[in-house]
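Chemist: Structure file upload14.txt (compact mmCIF, N, CA and C atoms) right here:
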```
# COMPACT_ATOMS: atom_id res chain seq x y z
N MET A 750 2.48 -11.60 -1.82
CA MET A 750 1.38 -10.72 -2.14
C MET A 750 1.26 -9.72 -1.00
N ALA A 751 1.21 -8.46 -1.32
CA ALA A 751 1.09 -7.44 -0.30
C ALA A 751 -0.36 -6.95 -0.21
N THR A 752 -0.85 -6.29 -1.27
CA THR A 752 -2.20 -5.73 -1.25
C THR A 752 -2.86 -5.91 -2.61
N VAL A 753 -4.13 -6.27 -2.59
CA VAL A 753 -4.94 -6.35 -3.80
C VAL A 753 -6.05 -5.32 -3.64
N ARG A 754 -6.20 -4.46 -4.65
CA ARG A 754 -7.25 -3.44 -4.62
C ARG A 754 -8.24 -3.70 -5.75
N LEU A 755 -9.50 -3.52 -5.41
CA LEU A 755 -10.58 -3.70 -6.36
C LEU A 755 -11.53 -2.53 -6.16
N SER A 756 -11.88 -1.86 -7.23
CA SER A 756 -12.91 -0.84 -7.13
C SER A 756 -13.96 -1.15 -8.18
N PHE A 757 -15.22 -0.88 -7.81
CA PHE A 757 -16.30 -1.19 -8.74
C PHE A 757 -17.40 -0.16 -8.60
N SER A 758 -18.14 0.03 -9.70
CA SER A 758 -19.27 0.95 -9.67
C SER A 758 -20.32 0.39 -8.73
N PRO A 759 -21.06 1.26 -8.05
CA PRO A 759 -22.00 0.80 -7.02
C PRO A 759 -23.25 0.14 -7.60
N ALA A 760 -23.06 -1.05 -8.12
CA ALA A 760 -24.17 -1.84 -8.66
C ALA A 760 -24.15 -3.21 -7.97
N PRO A 761 -25.31 -3.71 -7.57
CA PRO A 761 -25.37 -4.99 -6.86
C PRO A 761 -24.70 -6.15 -7.61
N VAL A 762 -24.72 -6.10 -8.94
CA VAL A 762 -24.14 -7.19 -9.73
C VAL A 762 -22.64 -7.37 -9.47
N HIS A 763 -21.96 -6.33 -9.02
CA HIS A 763 -20.51 -6.41 -8.80
C HIS A 763 -20.14 -6.98 -7.44
N VAL A 764 -21.10 -7.10 -6.54
CA VAL A 764 -20.82 -7.64 -5.22
C VAL A 764 -20.33 -9.08 -5.32
N ARG A 765 -20.92 -9.85 -6.20
CA ARG A 765 -20.51 -11.25 -6.39
C ARG A 765 -19.05 -11.33 -6.80
N THR A 766 -18.63 -10.46 -7.70
CA THR A 766 -17.23 -10.44 -8.13
C THR A 766 -16.31 -10.13 -6.96
N ALA A 767 -16.68 -9.16 -6.14
CA ALA A 767 -15.86 -8.81 -4.97
C ALA A 767 -15.74 -10.00 -4.02
N ARG A 768 -16.85 -10.72 -3.82
CA ARG A 768 -16.81 -11.92 -2.96
C ARG A 768 -15.87 -12.97 -3.52
N LEU A 769 -15.98 -13.23 -4.82
CA LEU A 769 -15.12 -14.25 -5.45
C LEU A 769 -13.65 -13.88 -5.35
N VAL A 770 -13.33 -12.63 -5.64
CA VAL A 770 -11.93 -12.18 -5.54
C VAL A 770 -11.46 -12.27 -4.10
N GLY A 771 -12.30 -11.82 -3.17
CA GLY A 771 -11.93 -11.84 -1.75
C GLY A 771 -11.62 -13.23 -1.24
N VAL A 772 -12.42 -14.21 -1.62
CA VAL A 772 -12.17 -15.59 -1.19
C VAL A 772 -10.93 -16.16 -1.87
N ALA A 773 -10.72 -15.86 -3.14
CA ALA A 773 -9.52 -16.34 -3.83
C ALA A 773 -8.26 -15.77 -3.18
N VAL A 774 -8.28 -14.49 -2.84
CA VAL A 774 -7.12 -13.88 -2.18
C VAL A 774 -6.95 -14.47 -0.78
N ALA A 775 -8.04 -14.69 -0.06
CA ALA A 775 -7.96 -15.29 1.28
C ALA A 775 -7.34 -16.68 1.23
N ARG A 776 -7.78 -17.47 0.27
CA ARG A 776 -7.25 -18.83 0.13
C ARG A 776 -5.75 -18.78 -0.17
N ARG A 777 -5.37 -17.91 -1.08
CA ARG A 777 -3.96 -17.79 -1.44
C ARG A 777 -3.12 -17.24 -0.29
N ALA A 778 -3.72 -16.37 0.53
CA ALA A 778 -3.01 -15.78 1.66
C ALA A 778 -2.79 -16.79 2.79
N GLY A 779 -3.63 -17.83 2.83
CA GLY A 779 -3.46 -18.85 3.86
C GLY A 779 -4.52 -18.84 4.94
N VAL A 780 -5.68 -18.27 4.67
CA VAL A 780 -6.79 -18.34 5.63
C VAL A 780 -7.27 -19.78 5.68
N ARG A 781 -7.57 -20.27 6.89
CA ARG A 781 -8.03 -21.65 7.04
C ARG A 781 -9.26 -21.90 6.20
N GLU A 782 -9.34 -23.08 5.64
CA GLU A 782 -10.45 -23.47 4.77
C GLU A 782 -11.80 -23.32 5.46
N ASP A 783 -11.89 -23.63 6.75
CA ASP A 783 -13.17 -23.56 7.46
C ASP A 783 -13.63 -22.12 7.71
N LEU A 784 -12.77 -21.12 7.44
CA LEU A 784 -13.16 -19.72 7.60
C LEU A 784 -13.58 -19.06 6.27
N LEU A 785 -13.37 -19.75 5.16
CA LEU A 785 -13.62 -19.12 3.86
C LEU A 785 -15.09 -18.76 3.63
N ASP A 786 -16.02 -19.55 4.15
CA ASP A 786 -17.43 -19.18 4.02
C ASP A 786 -17.73 -17.89 4.77
N GLU A 787 -17.13 -17.74 5.96
CA GLU A 787 -17.31 -16.50 6.72
C GLU A 787 -16.73 -15.31 5.97
N VAL A 788 -15.57 -15.51 5.36
CA VAL A 788 -14.94 -14.45 4.56
C VAL A 788 -15.87 -14.05 3.42
N ARG A 789 -16.39 -15.03 2.71
CA ARG A 789 -17.29 -14.77 1.58
C ARG A 789 -18.53 -14.00 2.03
N LEU A 790 -19.16 -14.46 3.09
CA LEU A 790 -20.37 -13.80 3.58
C LEU A 790 -20.09 -12.38 4.08
N ALA A 791 -19.00 -12.21 4.80
CA ALA A 791 -18.67 -10.90 5.35
C ALA A 791 -18.34 -9.89 4.25
N ILE A 792 -17.55 -10.30 3.28
CA ILE A 792 -17.22 -9.39 2.17
C ILE A 792 -18.49 -9.05 1.40
N GLY A 793 -19.34 -10.03 1.18
CA GLY A 793 -20.60 -9.77 0.48
C GLY A 793 -21.48 -8.80 1.25
N GLU A 794 -21.58 -8.96 2.55
CA GLU A 794 -22.42 -8.07 3.36
C GLU A 794 -21.85 -6.65 3.39
N ALA A 795 -20.54 -6.52 3.57
CA ALA A 795 -19.93 -5.19 3.61
C ALA A 795 -20.06 -4.49 2.26
N CYS A 796 -19.88 -5.21 1.17
CA CYS A 796 -20.01 -4.61 -0.16
C CYS A 796 -21.47 -4.25 -0.47
N THR A 797 -22.40 -5.12 -0.08
CA THR A 797 -23.82 -4.84 -0.30
C THR A 797 -24.23 -3.58 0.45
N ARG A 798 -23.75 -3.43 1.67
CA ARG A 798 -24.02 -2.24 2.47
C ARG A 798 -23.48 -0.99 1.79
N ALA A 799 -22.25 -1.06 1.29
CA ALA A 799 -21.64 0.09 0.61
C ALA A 799 -22.41 0.45 -0.66
N VAL A 800 -22.77 -0.55 -1.44
CA VAL A 800 -23.53 -0.31 -2.67
C VAL A 800 -24.88 0.33 -2.34
N ALA A 801 -25.55 -0.19 -1.31
CA ALA A 801 -26.86 0.36 -0.93
C ALA A 801 -26.74 1.83 -0.52
N LEU A 802 -25.70 2.17 0.23
CA LEU A 802 -25.50 3.57 0.63
C LEU A 802 -25.22 4.45 -0.58
N HIS A 803 -24.40 3.99 -1.50
CA HIS A 803 -24.11 4.77 -2.71
C HIS A 803 -25.39 5.00 -3.50
N ARG A 804 -26.19 3.97 -3.65
CA ARG A 804 -27.42 4.11 -4.43
C ARG A 804 -28.42 5.02 -3.71
N GLN A 805 -28.50 4.90 -2.40
CA GLN A 805 -29.42 5.73 -1.62
C GLN A 805 -29.09 7.21 -1.78
N TYR A 806 -27.80 7.54 -1.85
CA TYR A 806 -27.38 8.94 -1.95
C TYR A 806 -27.05 9.36 -3.38
N GLY A 807 -27.31 8.50 -4.35
CA GLY A 807 -27.09 8.85 -5.75
C GLY A 807 -25.62 9.05 -6.09
N LEU A 808 -24.74 8.32 -5.42
CA LEU A 808 -23.30 8.47 -5.64
C LEU A 808 -22.82 7.54 -6.76
N THR A 809 -21.98 8.06 -7.61
CA THR A 809 -21.43 7.24 -8.70
C THR A 809 -19.97 6.85 -8.44
N ALA A 810 -19.39 7.39 -7.39
CA ALA A 810 -18.01 7.05 -7.03
C ALA A 810 -17.91 5.54 -6.80
N PRO A 811 -16.78 4.94 -7.16
CA PRO A 811 -16.66 3.50 -6.96
C PRO A 811 -16.55 3.11 -5.48
N VAL A 812 -16.97 1.89 -5.19
CA VAL A 812 -16.75 1.26 -3.90
C VAL A 812 -15.35 0.66 -3.96
N LEU A 813 -14.58 0.82 -2.90
CA LEU A 813 -13.21 0.31 -2.86
C LEU A 813 -13.14 -0.89 -1.93
N VAL A 814 -12.50 -1.95 -2.40
CA VAL A 814 -12.23 -3.13 -1.58
C VAL A 814 -10.72 -3.35 -1.63
N GLU A 815 -10.12 -3.46 -0.46
CA GLU A 815 -8.67 -3.63 -0.38
C GLU A 815 -8.38 -4.84 0.50
N MET A 816 -7.57 -5.77 0.00
CA MET A 816 -7.25 -6.99 0.72
C MET A 816 -5.74 -7.09 0.89
N SER A 817 -5.28 -7.40 2.11
CA SER A 817 -3.85 -7.54 2.33
C SER A 817 -3.59 -8.72 3.27
N ASP A 818 -2.38 -9.24 3.21
CA ASP A 818 -2.04 -10.44 3.98
C ASP A 818 -0.75 -10.30 4.77
N SER A 819 -0.49 -9.16 5.34
CA SER A 819 0.72 -8.99 6.13
C SER A 819 0.47 -9.39 7.59
N GLY A 820 0.68 -10.67 7.88
CA GLY A 820 0.48 -11.21 9.22
C GLY A 820 -0.92 -11.75 9.47
N THR A 821 -1.94 -11.07 8.92
CA THR A 821 -3.33 -11.51 8.98
C THR A 821 -3.94 -11.21 7.61
N TYR A 822 -5.13 -11.70 7.39
CA TYR A 822 -5.85 -11.36 6.16
C TYR A 822 -6.82 -10.25 6.51
N ALA A 823 -6.56 -9.06 6.00
CA ALA A 823 -7.39 -7.90 6.30
C ALA A 823 -8.10 -7.44 5.04
N VAL A 824 -9.38 -7.12 5.19
CA VAL A 824 -10.19 -6.61 4.08
C VAL A 824 -10.80 -5.29 4.52
N ARG A 825 -10.63 -4.27 3.67
CA ARG A 825 -11.25 -2.97 3.89
C ARG A 825 -12.27 -2.74 2.79
N VAL A 826 -13.48 -2.33 3.17
CA VAL A 826 -14.50 -1.94 2.20
C VAL A 826 -14.83 -0.48 2.52
N VAL A 827 -14.64 0.38 1.52
CA VAL A 827 -14.80 1.82 1.73
C VAL A 827 -15.91 2.35 0.84
N ASP A 828 -16.87 3.03 1.49
CA ASP A 828 -17.92 3.71 0.74
C ASP A 828 -17.66 5.21 0.82
N ARG A 829 -18.37 5.98 0.01
CA ARG A 829 -18.22 7.44 -0.02
C ARG A 829 -19.49 8.16 0.42
N ALA A 830 -20.37 7.46 1.13
CA ALA A 830 -21.61 8.06 1.62
C ALA A 830 -21.30 9.01 2.77
N PRO A 831 -22.23 9.93 3.06
CA PRO A 831 -22.03 10.80 4.23
C PRO A 831 -21.75 9.96 5.47
N ILE A 832 -20.84 10.40 6.30
CA ILE A 832 -20.40 9.61 7.45
C ILE A 832 -21.57 9.20 8.34
N GLU A 833 -22.49 10.11 8.60
CA GLU A 833 -23.63 9.78 9.47
C GLU A 833 -24.41 8.61 8.92
N ALA A 834 -24.56 8.55 7.61
CA ALA A 834 -25.29 7.45 6.98
C ALA A 834 -24.50 6.16 7.06
N GLY A 835 -23.21 6.24 6.79
CA GLY A 835 -22.38 5.05 6.76
C GLY A 835 -22.17 4.41 8.11
N LEU A 836 -22.10 5.23 9.15
CA LEU A 836 -21.90 4.67 10.48
C LEU A 836 -23.19 4.15 11.07
N GLY A 837 -24.31 4.77 10.71
CA GLY A 837 -25.61 4.28 11.17
C GLY A 837 -25.63 4.01 12.66
N LEU A 838 -26.11 2.83 13.05
CA LEU A 838 -26.21 2.48 14.46
C LEU A 838 -24.86 2.35 15.12
N ALA A 839 -23.81 2.08 14.36
CA ALA A 839 -22.48 1.94 14.96
C ALA A 839 -22.02 3.24 15.59
N ALA A 840 -22.54 4.37 15.12
CA ALA A 840 -22.13 5.66 15.65
C ALA A 840 -22.92 6.05 16.90
N LEU A 841 -23.95 5.31 17.24
CA LEU A 841 -24.79 5.64 18.39
C LEU A 841 -24.43 4.75 19.57
N ASP A 842 -24.39 5.34 20.77
CA ASP A 842 -24.17 4.52 21.95
C ASP A 842 -25.53 4.05 22.48
N ALA A 843 -25.51 3.27 23.55
CA ALA A 843 -26.76 2.66 24.07
C ALA A 843 -27.78 3.71 24.49
N ASP A 844 -27.34 4.80 25.13
CA ASP A 844 -28.28 5.84 25.56
C ASP A 844 -28.95 6.49 24.36
N GLN A 845 -28.17 6.77 23.33
CA GLN A 845 -28.74 7.39 22.12
C GLN A 845 -29.73 6.44 21.46
N LEU A 846 -29.41 5.16 21.42
CA LEU A 846 -30.32 4.19 20.81
C LEU A 846 -31.66 4.17 21.53
N ALA A 847 -31.62 4.32 22.85
CA ALA A 847 -32.85 4.30 23.63
C ALA A 847 -33.70 5.55 23.39
N ASN A 848 -33.06 6.66 23.08
CA ASN A 848 -33.77 7.93 22.95
C ASN A 848 -34.02 8.39 21.53
N GLU A 849 -33.38 7.79 20.56
CA GLU A 849 -33.52 8.21 19.16
C GLU A 849 -34.69 7.50 18.51
N SER A 850 -35.37 8.18 17.60
CA SER A 850 -36.33 7.50 16.75
C SER A 850 -35.56 7.12 15.49
N LEU A 851 -35.38 5.84 15.28
CA LEU A 851 -34.54 5.35 14.19
C LEU A 851 -35.35 5.20 12.92
N ASN A 852 -34.75 5.62 11.79
CA ASN A 852 -35.43 5.43 10.52
C ASN A 852 -35.01 4.10 9.89
N GLU A 853 -35.65 3.76 8.80
CA GLU A 853 -35.40 2.47 8.14
C GLU A 853 -33.96 2.32 7.69
N ASP A 854 -33.33 3.41 7.21
CA ASP A 854 -31.95 3.33 6.76
C ASP A 854 -31.00 3.00 7.91
N ASP A 855 -31.23 3.61 9.09
CA ASP A 855 -30.42 3.30 10.25
C ASP A 855 -30.56 1.83 10.63
N LEU A 856 -31.79 1.33 10.60
CA LEU A 856 -32.01 -0.06 10.95
C LEU A 856 -31.34 -1.00 9.96
N THR A 857 -31.42 -0.68 8.66
CA THR A 857 -30.78 -1.51 7.65
C THR A 857 -29.28 -1.55 7.86
N THR A 858 -28.67 -0.39 8.09
CA THR A 858 -27.23 -0.32 8.33
C THR A 858 -26.89 -1.08 9.61
N GLY A 859 -27.69 -0.91 10.65
CA GLY A 859 -27.44 -1.60 11.91
C GLY A 859 -27.54 -3.10 11.78
N VAL A 860 -28.51 -3.59 11.02
CA VAL A 860 -28.63 -5.03 10.79
C VAL A 860 -27.40 -5.53 10.04
N GLY A 861 -26.93 -4.75 9.06
CA GLY A 861 -25.71 -5.13 8.33
C GLY A 861 -24.53 -5.27 9.26
N PHE A 862 -24.38 -4.33 10.21
CA PHE A 862 -23.28 -4.42 11.17
C PHE A 862 -23.45 -5.61 12.10
N ALA A 863 -24.69 -5.90 12.47
CA ALA A 863 -24.94 -7.06 13.34
C ALA A 863 -24.54 -8.35 12.62
N LEU A 864 -24.88 -8.45 11.34
CA LEU A 864 -24.48 -9.63 10.58
C LEU A 864 -22.97 -9.73 10.46
N LEU A 865 -22.32 -8.61 10.17
CA LEU A 865 -20.87 -8.61 10.06
C LEU A 865 -20.22 -9.05 11.37
N ALA A 866 -20.72 -8.55 12.48
CA ALA A 866 -20.16 -8.92 13.78
C ALA A 866 -20.29 -10.42 14.02
N GLY A 867 -21.31 -11.04 13.45
CA GLY A 867 -21.47 -12.49 13.58
C GLY A 867 -20.49 -13.27 12.73
N PHE A 868 -20.01 -12.68 11.64
CA PHE A 868 -19.08 -13.37 10.74
C PHE A 868 -17.61 -13.09 11.08
N VAL A 869 -17.34 -11.95 11.70
CA VAL A 869 -15.97 -11.48 11.85
C VAL A 869 -15.69 -11.16 13.31
N GLU A 870 -14.66 -11.79 13.87
CA GLU A 870 -14.31 -11.49 15.26
C GLU A 870 -13.62 -10.14 15.38
N ASP A 871 -12.82 -9.78 14.39
CA ASP A 871 -12.09 -8.51 14.42
C ASP A 871 -12.70 -7.58 13.38
N LEU A 872 -13.67 -6.77 13.81
CA LEU A 872 -14.41 -5.87 12.93
C LEU A 872 -14.27 -4.45 13.44
N GLN A 873 -13.90 -3.54 12.55
CA GLN A 873 -13.82 -2.11 12.89
C GLN A 873 -14.60 -1.32 11.86
N VAL A 874 -15.35 -0.33 12.33
CA VAL A 874 -16.08 0.57 11.44
C VAL A 874 -15.71 1.97 11.87
N ARG A 875 -15.21 2.75 10.91
CA ARG A 875 -14.79 4.11 11.25
C ARG A 875 -14.90 5.03 10.04
N PRO A 876 -14.91 6.34 10.30
CA PRO A 876 -14.93 7.28 9.18
C PRO A 876 -13.64 7.18 8.37
N VAL A 877 -13.73 7.44 7.09
CA VAL A 877 -12.55 7.48 6.23
C VAL A 877 -11.74 8.72 6.60
N ASP A 878 -10.43 8.63 6.46
CA ASP A 878 -9.53 9.71 6.88
C ASP A 878 -9.89 11.08 6.31
N ASP A 879 -10.36 11.12 5.06
CA ASP A 879 -10.67 12.43 4.47
C ASP A 879 -12.05 12.95 4.88
N GLY A 880 -12.76 12.20 5.71
CA GLY A 880 -14.02 12.67 6.25
C GLY A 880 -15.23 12.41 5.38
N ILE A 881 -15.05 11.78 4.23
CA ILE A 881 -16.19 11.47 3.35
C ILE A 881 -16.23 9.97 3.16
N GLY A 882 -17.12 9.32 3.87
CA GLY A 882 -17.27 7.88 3.71
C GLY A 882 -16.94 7.11 4.97
N THR A 883 -17.14 5.81 4.87
CA THR A 883 -16.94 4.90 5.99
C THR A 883 -16.07 3.74 5.55
N GLU A 884 -15.19 3.31 6.43
CA GLU A 884 -14.36 2.13 6.20
C GLU A 884 -14.82 1.01 7.11
N VAL A 885 -15.09 -0.14 6.52
CA VAL A 885 -15.38 -1.35 7.28
C VAL A 885 -14.14 -2.22 7.13
N ARG A 886 -13.48 -2.51 8.25
CA ARG A 886 -12.24 -3.30 8.22
C ARG A 886 -12.50 -4.62 8.94
N MET A 887 -12.17 -5.72 8.25
CA MET A 887 -12.39 -7.06 8.78
C MET A 887 -11.07 -7.82 8.72
N VAL A 888 -10.77 -8.58 9.78
CA VAL A 888 -9.49 -9.28 9.85
C VAL A 888 -9.72 -10.72 10.25
N TRP A 889 -9.00 -11.64 9.57
CA TRP A 889 -9.01 -13.06 9.90
C TRP A 889 -7.58 -13.54 10.07
N PRO A 890 -7.36 -14.56 10.91
CA PRO A 890 -6.01 -15.10 11.09
C PRO A 890 -5.59 -15.95 9.90
N LEU A 891 -4.28 -16.04 9.71
CA LEU A 891 -3.74 -16.91 8.68
C LEU A 891 -3.32 -18.23 9.31
N ALA A 892 -3.41 -19.31 8.57
CA ALA A 892 -3.10 -20.63 9.09
C ALA A 892 -1.60 -20.88 9.19
N ARG A 893 -0.84 -20.18 8.37
CA ARG A 893 0.61 -20.45 8.36
C ARG A 893 1.32 -19.86 9.53
```
Could you rewrite the structure in this file as structure tokens?
Modeler:
Amino acid sequence: MATVRLSFSPAPVHVRTARLVGVAVARRAGVREDLLDEVRLAIGEACTRAVALHRQYGLTAPVLVEMSDSGTYAVRVVDRAPIEAGLGLAALDADQLANESLNEDDLTTGVGFALLAGFVEDLQVRPVDDGIGTEVRMVWPLAR
């Protein structure tokens, strides 16, 4: 198995499907059994965050989830929200955080990143290459 791609309309009901597919692919890829709950929670949190951003900005473009197992199990969740919204607190350094007045959306996004960091040791958040959207990339080791 090289890569599994899943795209879904930005509705909360589809997050469960993404979690189920993500855990099934992780299990088949060889992720240790004791990490599967973390995989499920992390994929759910990243997808929920993407759906919330799409709904907040009235976007109908699908959320993309991409899973691959070349050496590690990597999951990418891509939203199409404006980059500033998608990066939220992750785009601010400590000095900016101290001086900025944060709105509720920034705090929600920041809490989502804090939860993800608790589930995933290898977490990257960056703008999508075409400049529209954010990619959340999560990586877990394989047991084999």
Chemist: Considering only C-alpha atoms, return as a ChimeraX atom specification whatever protein or nucleic-acid residues lie within 8 Å of A:Cys796, sequence-local ones (same chain, fewer than 2 positions apart) excluded.
Modeler: /A:764,767,792-794,798-800,812,826
Chemist: Check the smallest atom-to-atom distance from each of A:Gly771, A:Leu891, A:Val788, A:Met816 to A:Thr752 using all atoms listed in the file, then report the winner.
Modeler: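 Looking at the shortest contact to A:Thr752, the residue is A:Met816.
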Chemist: State, in Å with one decimal place, the distance from atom CA of A:Glu787 to atom CA of A:Gly867.
Modeler: 9.0 Å
Chemist: So which one's closest to A:Gly779, A:Ala863, A:Ala760, A:Ala892, A:Ala830? Using all atoms listed in the file, please.
Modeler: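 Ranking A:Ala863, A:Ala760, A:Ala892, A:Ala830 by distance to A:Gly779, first place goes to A:Ala892.
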Chemist: Can you measure atom CA of A:Leu784 to atom CA of A:Pro759 for me? One decimal in Å is fine.
Modeler: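 That distance, rounded to one decimal, is 26.7 Å.
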Chemist: Looking at A:Arg804, A:Arg789, A:Arg781, A:Arg875, which one is nearest to A:Trp889, with distances taken over all atoms listed in the file?
Modeler: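 The closest residue to A:Trp889 is A:Arg781.
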Chemist: Mind pulling up the distance from atom CA of A:Ala791 to atom CA of A:Phe868?
Modeler: 5.9 Å
Chemist: Of the candidates A:Val780, A:Leu864, A:Val869, A:Val814, which shows the shortest atom-to-atom distance to A:Val753, using only C-alpha atoms?
Modeler: A:Val814
Chemist: Quick one: of A:Asp879, A:Thr797, A:Thr809, A:Arg776, who's nearest to A:Pro761, counting only N, CA and C atoms?
Modeler: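 Under the stated criterion, the closest residue is A:Thr797.
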Chemist: Can you tell me, as a PyMOL selection string, what residues are no more than 6.5 Å from A:Val885 when counting only N, CA and C atoms, ignoring any on the same chain fewer than 2 positions away?
Modeler: chain A and resi 824-828+873-875+883+887
